[in-house]
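Below you'll find the structure, written out as structure tokens, and then a few comments.
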Amino acid sequence: MAYEDVDVVIIGSGAAGGMAAWNLTRKGVKALMLEAGQKFERNQFWSHVKPWEARERRQRGESPPDWAGTPLRESPYETLPGKRFWLARVWGVGGKTNIWGRVSLRYSDLNFQEPAKDGWEIPWPITYKEIAPYYANVEKKIGVCGGGDDTPWLPGSSNHLPPPNLRCGEMLLRKAATRAKYPVVRIRRAVLTQAHNGRKPCHYCGACGRGCDIGAFFNSFDYLLKDSLETRRLELVENAIAEEILVNDEGLASGVRYFDRLTGDERTVPARRVIVAASAVDSTRLLLNSKSRQYPNGIGNGSDVIGRYLVEQFRLQVQAFAPELIGGPASNDDGISGGHIYIPRFEPTDEKRGYLRGFGIPISGVGCASNASFAKSLGGFGLSYKQAVKELYPALVKLIPYGEVLPYRHNRISVEGMPNDRFGYPLLRIEYAIGENERKMVSRMYDATEEILHQMKAEPLPYKHGEIDMPGTAIHEHGTCRMGEDPKRSALNRFNQMHEVKNVFVMDGSSFPTATEKNPTLTILALAWRASDYLAELMKRGEV
Amino acid sequence: MLAGHCLYCPLEKPMPESTRREVLISIAARGVAAQAFGATDYGLKAFAADQFRLLEQLVDMIVPDSDTPGARKGGVAAMIEKDAAADSGLKRQVQGALSRQSSDGFADTSPPARTALLTDYMIAGDERRHHFQLIKDLTVDGYFATEIGLLQEFGYQGNTYLAESPAANTRSTLDGLRRR
């Protein structure tokens, strides 16, 4: 495709970029996609390599796809002393959708309306009613399994594929949580529990985190980009590290400068419109590094909100043993990998409790796994220890509450004063810490977890009440290029279009004003579908 | 593994490499009598011979032989050695732990005295506990990633092709337990 023919340049090929490419190319739009990494080939996945075989293979010099290595080598990041942040990125076609957790939860109107109600920072500029049809479209397109359940905080859906059977530990956990008056629903995951849209169903090998060898869960390449490429209206450029969006005299985006990761060559592609979808953190770095006379603070950042208000759920983990299952036989508990049930958020903000927003409780690690990490936390050694580990192995359950973090101006991604990468563009720094609000919520999260385990009469492994996982480990970064009605307090309008630069759209998780307590990918896909519909409409009318 | 390690972490710690010893032991575990291989049999790269012998004693005490082979026969000490040879940080840590135990004369005492010493380490309030925990963590990670640990000891059935996700059979599990 000749550069002059390109209607839209899309930066990033993950959930948001893939959705934009698929939706636009099917409408006749010609797109060029820049992807910083390269394609991960399915036949290289170690989906069916047993732990002991993996060791042997490595000895022979073989290795599985290096999912996260490229960004760490090309674009390392800095955190401040005492404020560690664990950033996981995947550079490669499909991005993190190659190995994502696949949890697909709709945000509710309670989520969307909450900031407006409690007054903390800016409200979402959209309602559930506006996004609901897009949720439905996405669910039908990608295939999401789940139940017919519906709670105030977790809107139901009629599009779900059948949910997987529960594991023994989940049956017991559900009984206990229900007794403790917590709602329990079937997990909603983008896993094909039956053939869907011509794709093969899951074979329950439990190795989703190593990439699916048959593509039975949504990933951007198989489900979106393949079709886009077949239209011949998409050109995908691999190993293209986008470093700067260029602007013309009118302050509109006019091109994208990128570097070939393998040769180091600098290239510039002219752009009539740009879609930024490189994941929250890398999109933000690109925007901040796109400085010009018109935008000395980074493109579209006259409001100084880009980079700020970084939000990512905080979480904790408590492991315990279902007493009924201790000493039982081992079973195949792989399922669709990850929990088959979920405890959705159950409480509204109640200032009497002293904190805003809330949390949900994902369940995981139930039953027989391919390791015994839990045994490190068990006391003892020797024969009795070995026997105890064996008896406890089938009885493990793990609760991992995810709490919403309020957007704080000082939690941010910045590039000032950072050394340059090898192409001469500043690397990024992450400053992030939870606040008083979240510390109060942690206490409630532990209380709820303990209440459920108490009902179950389950003995937990040692843990410290109040301790949380390292920030970043939910891998749900949001907020650093947020949408809103007020251009002074937000960078994007309600259709992910920059307030200041009308031909730039930012479609990934950075556009979310809040993180909520939920996993974001379903909402990223829905918003990208909606935003690209809007862009196509503007293009048709000649308005952008 | 980090405390906050994500379930779907793309940064899984690389599995340590296999060794000749592991292969041999794996064969042994399938019915051929296990042999005791001297440290020099596979060329130590990270530890001295006496350190390695101590490491073997430790992993053997943490997960001993029962009706299934334990960590020593599972080749876990050799795995740790191999990993330490490729990771200078790990090597330093393990050597630190071993030299402490070595200076306590651990290897030369009687088996009951060793058990007493290891118990002391486990409950100590100082770095001895840290050292014990390091070796224990490595033993658990290593042993329960072998065929012996996962298949023979646990009866692991996962990572296979199924037509559907098995239904929870809590009732039969409970009945089975009651009958025991």
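Chain labels follow the order of the structure tokens: the first chain is A, the next B, and so on; residue numbering restarts at 1 in every chain, and ligands are counted from 1 in their shown order.
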
Write out as a VMD selection string each polymer residue whose atoms come within 9 Å of Glu56 of chain B, counting only C-alpha atoms; drop sequence neighbours fewer than 5 positions from it. chain B and resid 51 61 71 to 72 75 to 78

Using N, CA, C and O atoms, can you export the residues from the last selection as an mmCIF file, in the first residue's frame?
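Output below, filename part_6.cif:
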```
data_model
loop_
_atom_site.group_PDB
_atom_site.id
_atom_site.type_symbol
_atom_site.label_atom_id
_atom_site.label_comp_id
_atom_site.auth_asym_id
_atom_site.auth_seq_id
_atom_site.Cartn_x
_atom_site.Cartn_y
_atom_site.Cartn_z
ATOM 1 N N GLN B 51 30.218 -28.389 49.199
ATOM 2 C CA GLN B 51 28.984 -27.588 49.248
ATOM 3 C C GLN B 51 27.839 -28.356 48.590
ATOM 4 O O GLN B 51 26.714 -28.363 49.074
ATOM 5 N N MET B 61 16.621 -33.909 53.184
ATOM 6 C CA MET B 61 15.934 -33.806 54.477
ATOM 7 C C MET B 61 14.608 -33.058 54.334
ATOM 8 O O MET B 61 13.655 -33.333 55.055
ATOM 9 N N ALA B 71 13.588 -35.516 47.012
ATOM 10 C CA ALA B 71 14.195 -34.461 46.197
ATOM 11 C C ALA B 71 15.619 -34.805 45.744
ATOM 12 O O ALA B 71 16.042 -34.403 44.674
ATOM 13 N N ARG B 72 16.367 -35.535 46.563
ATOM 14 C CA ARG B 72 17.734 -35.863 46.160
ATOM 15 C C ARG B 72 17.707 -36.800 44.955
ATOM 16 O O ARG B 72 18.347 -36.548 43.947
ATOM 17 N N GLY B 75 16.904 -35.348 41.690
ATOM 18 C CA GLY B 75 17.914 -34.520 41.028
ATOM 19 C C GLY B 75 17.799 -33.039 41.337
ATOM 20 O O GLY B 75 18.290 -32.195 40.583
ATOM 21 N N VAL B 76 17.159 -32.718 42.465
ATOM 22 C CA VAL B 76 16.886 -31.309 42.751
ATOM 23 C C VAL B 76 18.161 -30.530 43.071
ATOM 24 O O VAL B 76 18.315 -29.378 42.645
ATOM 25 N N ALA B 77 19.095 -31.162 43.767
ATOM 26 C CA ALA B 77 20.342 -30.444 44.081
ATOM 27 C C ALA B 77 21.077 -30.083 42.796
ATOM 28 O O ALA B 77 21.615 -28.978 42.656
ATOM 29 N N ALA B 78 21.061 -31.015 41.853
ATOM 30 C CA ALA B 78 21.730 -30.749 40.572
ATOM 31 C C ALA B 78 21.028 -29.623 39.810
ATOM 32 O O ALA B 78 21.663 -28.818 39.142
#
```

Residues of chain A within 7 Å of chain B, counting only C-alpha atoms - could you list those as a ChimeraX atom specification? /A:48,51-52,54-56,58-59,67-68,99-101,164-168,203-207,209,324,328,330-335,371-373,375-376,381-383,386,390,469-470,473-474

Which is closer to Glu238 of chain A than all the others in A:Tyr446, A:Trp153, A:Phe359, A:Trp91, using only C-alpha atoms?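 Of A:Tyr446, A:Trp153, A:Phe359, A:Trp91, the one nearest Glu238 of chain A is A:Trp91, counting only C-alpha atoms.
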
Using only C-alpha atoms, which residues sit within 8 Å of Tyr355 of chain A once same-chain residues fewer than 4 positions away are excluded, as an MDAnalysis selection string? chainID A and resid 349:351 437:438 440:441

What lies within 12 Å of Asn43 of chain A using only C-alpha atoms, ignoring chain neighbours under 4 positions off, as a list in words? Lys39, Ser47, His48, Val49, Pro64, Pro65, Arg210, Gly211, Cys212, Asp213, Ile214 and Gly215 of chain A

Can I get the selected residues back with N, CA, C and O atoms, as a PDB file, in the first residue's frame?
```
ATOM      1  N   LYS A  39       5.325 -11.027  15.138  1.00  0.00           N
ATOM      2  CA  LYS A  39       4.283 -12.022  15.361  1.00  0.00           C
ATOM      3  C   LYS A  39       4.812 -13.180  16.210  1.00  0.00           C
ATOM      4  O   LYS A  39       5.926 -13.648  16.003  1.00  0.00           O
ATOM      5  N   SER A  47       2.359 -24.530  25.004  1.00  0.00           N
ATOM      6  CA  SER A  47       1.078 -24.819  25.674  1.00  0.00           C
ATOM      7  C   SER A  47       1.024 -26.233  26.233  1.00  0.00           C
ATOM      8  O   SER A  47       0.371 -26.484  27.239  1.00  0.00           O
ATOM      9  N   HIS A  48       1.670 -27.158  25.563  1.00  0.00           N
ATOM     10  CA  HIS A  48       1.583 -28.553  26.019  1.00  0.00           C
ATOM     11  C   HIS A  48       2.943 -29.116  26.415  1.00  0.00           C
ATOM     12  O   HIS A  48       3.192 -30.312  26.263  1.00  0.00           O
ATOM     13  N   VAL A  49       3.782 -28.249  26.901  1.00  0.00           N
ATOM     14  CA  VAL A  49       5.089 -28.701  27.385  1.00  0.00           C
ATOM     15  C   VAL A  49       5.000 -28.833  28.903  1.00  0.00           C
ATOM     16  O   VAL A  49       4.708 -27.866  29.605  1.00  0.00           O
ATOM     17  N   PRO A  64      10.425 -20.789  24.806  1.00  0.00           N
ATOM     18  CA  PRO A  64       9.099 -20.377  24.342  1.00  0.00           C
ATOM     19  C   PRO A  64       9.158 -18.917  23.908  1.00  0.00           C
ATOM     20  O   PRO A  64      10.193 -18.267  24.075  1.00  0.00           O
ATOM     21  N   PRO A  65       8.066 -18.351  23.383  1.00  0.00           N
ATOM     22  CA  PRO A  65       8.090 -16.934  23.000  1.00  0.00           C
ATOM     23  C   PRO A  65       8.492 -16.048  24.182  1.00  0.00           C
ATOM     24  O   PRO A  65       8.072 -16.283  25.307  1.00  0.00           O
ATOM     25  N   ARG A 210       0.396 -19.464  28.575  1.00  0.00           N
ATOM     26  CA  ARG A 210       1.539 -19.712  27.691  1.00  0.00           C
ATOM     27  C   ARG A 210       1.150 -19.514  26.230  1.00  0.00           C
ATOM     28  O   ARG A 210       1.887 -19.866  25.326  1.00  0.00           O
ATOM     29  N   GLY A 211      -0.065 -18.977  26.009  1.00  0.00           N
ATOM     30  CA  GLY A 211      -0.563 -18.797  24.653  1.00  0.00           C
ATOM     31  C   GLY A 211      -1.352 -20.025  24.240  1.00  0.00           C
ATOM     32  O   GLY A 211      -0.971 -21.151  24.575  1.00  0.00           O
ATOM     33  N   CYS A 212      -2.475 -19.826  23.538  1.00  0.00           N
ATOM     34  CA  CYS A 212      -3.316 -20.973  23.149  1.00  0.00           C
ATOM     35  C   CYS A 212      -2.884 -21.498  21.792  1.00  0.00           C
ATOM     36  O   CYS A 212      -2.854 -20.756  20.812  1.00  0.00           O
ATOM     37  N   ASP A 213      -2.582 -22.801  21.747  1.00  0.00           N
ATOM     38  CA  ASP A 213      -2.079 -23.379  20.493  1.00  0.00           C
ATOM     39  C   ASP A 213      -3.163 -23.542  19.437  1.00  0.00           C
ATOM     40  O   ASP A 213      -2.853 -23.851  18.286  1.00  0.00           O
ATOM     41  N   ILE A 214      -4.449 -23.362  19.818  1.00  0.00           N
ATOM     42  CA  ILE A 214      -5.503 -23.454  18.797  1.00  0.00           C
ATOM     43  C   ILE A 214      -6.321 -22.162  18.707  1.00  0.00           C
ATOM     44  O   ILE A 214      -7.317 -22.112  17.998  1.00  0.00           O
ATOM     45  N   GLY A 215      -5.926 -21.148  19.447  1.00  0.00           N
ATOM     46  CA  GLY A 215      -6.645 -19.870  19.380  1.00  0.00           C
ATOM     47  C   GLY A 215      -8.066 -19.958  19.923  1.00  0.00           C
ATOM     48  O   GLY A 215      -8.983 -19.360  19.363  1.00  0.00           O
TER      49      GLY A 215
END
```

Apply DSSP to the backbone of this structure and, from segment 115-300 of chain A, keep only the residues in strand (DSSP E or B); write these as a compact mmCIF listing (two decimals) with N, CA, C and O atoms, in the first residue's frame.
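Result went into part-v8.txt, see below:
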```txt
# COMPACT_ATOMS: atom_id res chain seq x y z
N CYS A 145 -17.62 -16.88 27.65
CA CYS A 145 -18.44 -17.82 28.40
C CYS A 145 -18.84 -17.20 29.73
O CYS A 145 -18.17 -16.29 30.24
N THR A 151 -25.99 -8.94 38.48
CA THR A 151 -26.04 -8.28 39.78
C THR A 151 -25.97 -6.78 39.53
O THR A 151 -25.58 -6.34 38.45
N LEU A 154 -22.67 -5.93 38.28
CA LEU A 154 -22.16 -6.69 37.15
C LEU A 154 -23.32 -7.04 36.21
O LEU A 154 -23.98 -8.06 36.37
N LEU A 161 -21.47 -17.86 26.13
CA LEU A 161 -21.32 -19.28 25.81
C LEU A 161 -21.44 -20.04 27.14
O LEU A 161 -21.29 -19.44 28.22
N VAL A 185 -21.08 -15.35 41.15
CA VAL A 185 -21.52 -15.59 39.78
C VAL A 185 -20.51 -16.48 39.07
O VAL A 185 -19.40 -16.68 39.55
N ARG A 186 -20.91 -17.01 37.92
CA ARG A 186 -19.97 -17.73 37.06
C ARG A 186 -19.01 -16.69 36.48
O ARG A 186 -19.44 -15.60 36.11
N ARG A 189 -15.39 -15.24 30.92
CA ARG A 189 -14.06 -15.24 30.30
C ARG A 189 -14.20 -15.42 28.79
O ARG A 189 -15.05 -16.17 28.32
N VAL A 191 -13.30 -17.28 26.58
CA VAL A 191 -12.82 -18.61 26.23
C VAL A 191 -13.96 -19.33 25.52
O VAL A 191 -15.10 -19.30 26.00
N HIS A 196 -17.28 -21.51 17.96
CA HIS A 196 -17.92 -20.20 17.86
C HIS A 196 -17.34 -19.45 16.66
O HIS A 196 -16.12 -19.34 16.52
N ARG A 199 -14.57 -21.10 14.95
CA ARG A 199 -13.33 -21.38 15.69
C ARG A 199 -13.51 -22.60 16.59
O ARG A 199 -14.59 -22.85 17.11
N PHE A 217 -9.11 -18.77 22.73
CA PHE A 217 -9.55 -17.56 23.45
C PHE A 217 -9.18 -16.35 22.61
O PHE A 217 -8.27 -16.41 21.77
N LEU A 234 -5.43 -3.41 5.11
CA LEU A 234 -4.56 -3.20 6.27
C LEU A 234 -3.14 -3.63 5.92
O LEU A 234 -2.93 -4.72 5.39
N GLU A 235 -2.20 -2.77 6.23
CA GLU A 235 -0.80 -3.16 6.13
C GLU A 235 -0.22 -3.15 7.53
O GLU A 235 -0.32 -2.14 8.25
N LEU A 236 0.35 -4.26 7.91
CA LEU A 236 0.89 -4.40 9.26
C LEU A 236 2.41 -4.33 9.18
O LEU A 236 3.03 -5.14 8.50
N VAL A 237 2.99 -3.34 9.86
CA VAL A 237 4.45 -3.20 9.86
C VAL A 237 4.96 -3.67 11.22
O VAL A 237 4.66 -3.05 12.25
N ALA A 240 8.20 -2.02 14.37
CA ALA A 240 8.17 -0.57 14.10
C ALA A 240 7.89 0.16 15.41
O ALA A 240 6.76 0.17 15.90
N ILE A 241 8.92 0.74 16.00
CA ILE A 241 8.76 1.42 17.29
C ILE A 241 8.38 2.88 17.03
O ILE A 241 9.22 3.68 16.61
N ALA A 242 7.12 3.20 17.26
CA ALA A 242 6.66 4.59 17.05
C ALA A 242 7.21 5.46 18.18
O ALA A 242 7.08 5.12 19.35
N GLU A 243 7.82 6.56 17.81
CA GLU A 243 8.45 7.43 18.83
C GLU A 243 7.86 8.83 18.86
O GLU A 243 8.00 9.53 19.86
N GLU A 244 7.22 9.28 17.77
CA GLU A 244 6.75 10.66 17.77
C GLU A 244 5.62 10.83 16.76
O GLU A 244 5.71 10.34 15.62
N ILE A 245 4.60 11.55 17.20
CA ILE A 245 3.54 11.95 16.27
C ILE A 245 3.89 13.37 15.82
O ILE A 245 4.09 14.27 16.66
N LEU A 246 3.98 13.56 14.52
CA LEU A 246 4.38 14.87 13.98
C LEU A 246 3.12 15.70 13.71
O LEU A 246 2.05 15.15 13.44
N VAL A 247 3.27 17.02 13.78
CA VAL A 247 2.10 17.88 13.53
C VAL A 247 2.42 18.90 12.44
O VAL A 247 3.58 19.26 12.20
N ALA A 253 -2.23 16.29 13.48
CA ALA A 253 -1.22 15.25 13.26
C ALA A 253 -0.99 15.10 11.76
O ALA A 253 -1.95 15.08 10.98
N SER A 254 0.28 14.98 11.37
CA SER A 254 0.57 14.88 9.94
C SER A 254 1.41 13.65 9.62
O SER A 254 1.61 13.33 8.45
N GLY A 255 1.93 13.00 10.63
CA GLY A 255 2.75 11.83 10.37
C GLY A 255 3.19 11.16 11.65
O GLY A 255 2.96 11.67 12.75
N VAL A 256 3.80 10.00 11.50
CA VAL A 256 4.34 9.28 12.66
C VAL A 256 5.78 8.89 12.35
O VAL A 256 6.06 8.34 11.27
N ARG A 257 6.67 9.23 13.27
CA ARG A 257 8.07 8.82 13.10
C ARG A 257 8.29 7.51 13.87
O ARG A 257 7.92 7.41 15.04
N TYR A 258 8.83 6.54 13.18
CA TYR A 258 9.11 5.28 13.87
C TYR A 258 10.48 4.77 13.47
O TYR A 258 11.09 5.25 12.52
N PHE A 259 10.96 3.79 14.22
CA PHE A 259 12.28 3.22 13.99
C PHE A 259 12.15 1.71 13.83
O PHE A 259 11.39 1.07 14.56
N ASP A 260 12.87 1.19 12.86
CA ASP A 260 12.87 -0.25 12.66
C ASP A 260 13.70 -0.89 13.77
O ASP A 260 14.89 -0.59 13.91
N GLU A 266 15.45 4.96 10.63
CA GLU A 266 14.37 5.89 10.96
C GLU A 266 13.43 6.00 9.76
O GLU A 266 13.87 6.11 8.62
N ARG A 267 12.13 6.00 10.03
CA ARG A 267 11.15 6.14 8.95
C ARG A 267 10.06 7.10 9.39
O ARG A 267 9.76 7.19 10.58
N THR A 268 9.48 7.80 8.44
CA THR A 268 8.33 8.65 8.75
C THR A 268 7.20 8.29 7.80
O THR A 268 7.40 8.20 6.59
N VAL A 269 6.03 8.03 8.38
CA VAL A 269 4.88 7.72 7.56
C VAL A 269 3.90 8.89 7.66
O VAL A 269 3.59 9.34 8.77
N PRO A 270 3.46 9.44 6.53
CA PRO A 270 2.48 10.52 6.61
C PRO A 270 1.16 9.98 7.16
O PRO A 270 0.83 8.81 6.95
N VAL A 274 -4.56 9.56 13.16
CA VAL A 274 -3.74 8.64 13.95
C VAL A 274 -4.59 8.03 15.07
O VAL A 274 -5.31 8.75 15.76
N ILE A 275 -4.49 6.73 15.20
CA ILE A 275 -5.12 6.06 16.35
C ILE A 275 -3.98 5.55 17.23
O ILE A 275 -3.13 4.77 16.78
N VAL A 276 -3.97 6.00 18.46
CA VAL A 276 -2.93 5.58 19.40
C VAL A 276 -3.52 4.45 20.25
O VAL A 276 -4.54 4.64 20.91
```

I'd like to know which of B:Ile135, B:Arg100, B:Arg128, B:Phe47 is closest to Ala85 of chain B, using only C-alpha atoms.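 For Ala85 of chain B, the nearest of the candidates is B:Phe47.
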
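Of the residues listed (B:Glu81, B:Leu44, B:Ala116, B:Thr109), B:Glu81 shows the shortest atom-to-atom separation from Gln95 of chain B; distances use only C-alpha atoms.
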
Can you tell me, as a list in words, what residues are no more than 9 Å from Asn493 of chain A when counting only C-alpha atoms, ignoring any on the same chain fewer than 5 positions away?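 Returned residues: Pro125, Arg482, Met483, Gly484, Glu485, Asp486, Pro487, Met498 and His499 of chain A.
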
Considering only C-alpha atoms, return as an MDAnalysis selection string whatever protein or nucleic-acid residues lie within 12 Å of Ile306 of chain A, sequence-local ones (same chain, fewer than 4 positions apart) excluded. chainID A and resid 280:281 283:290 297:302 310 409:415 478:483 487:492 498 506 510:513

For Pro201 of chain A, find every residue with an atom within 6 Å (counting only C-alpha atoms), except residues of its own chain fewer than 3 positions away, and show them as a PyMOL selection string. chain A and resi 192-195+216

Selected residue of minimal separation from Ser102 of chain B among B:Thr68, B:His131, B:Lys82, B:Lys73, counting only C-alpha atoms: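 Closest to Ser102 of chain B, using only C-alpha atoms: B:His131.
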
Rounded to one decimal in Å, what is the spacing between atom CA of Gly403 of chain A and atom CA of Gly360 of chain A?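 Distance between the two atoms: 6.7 Å.
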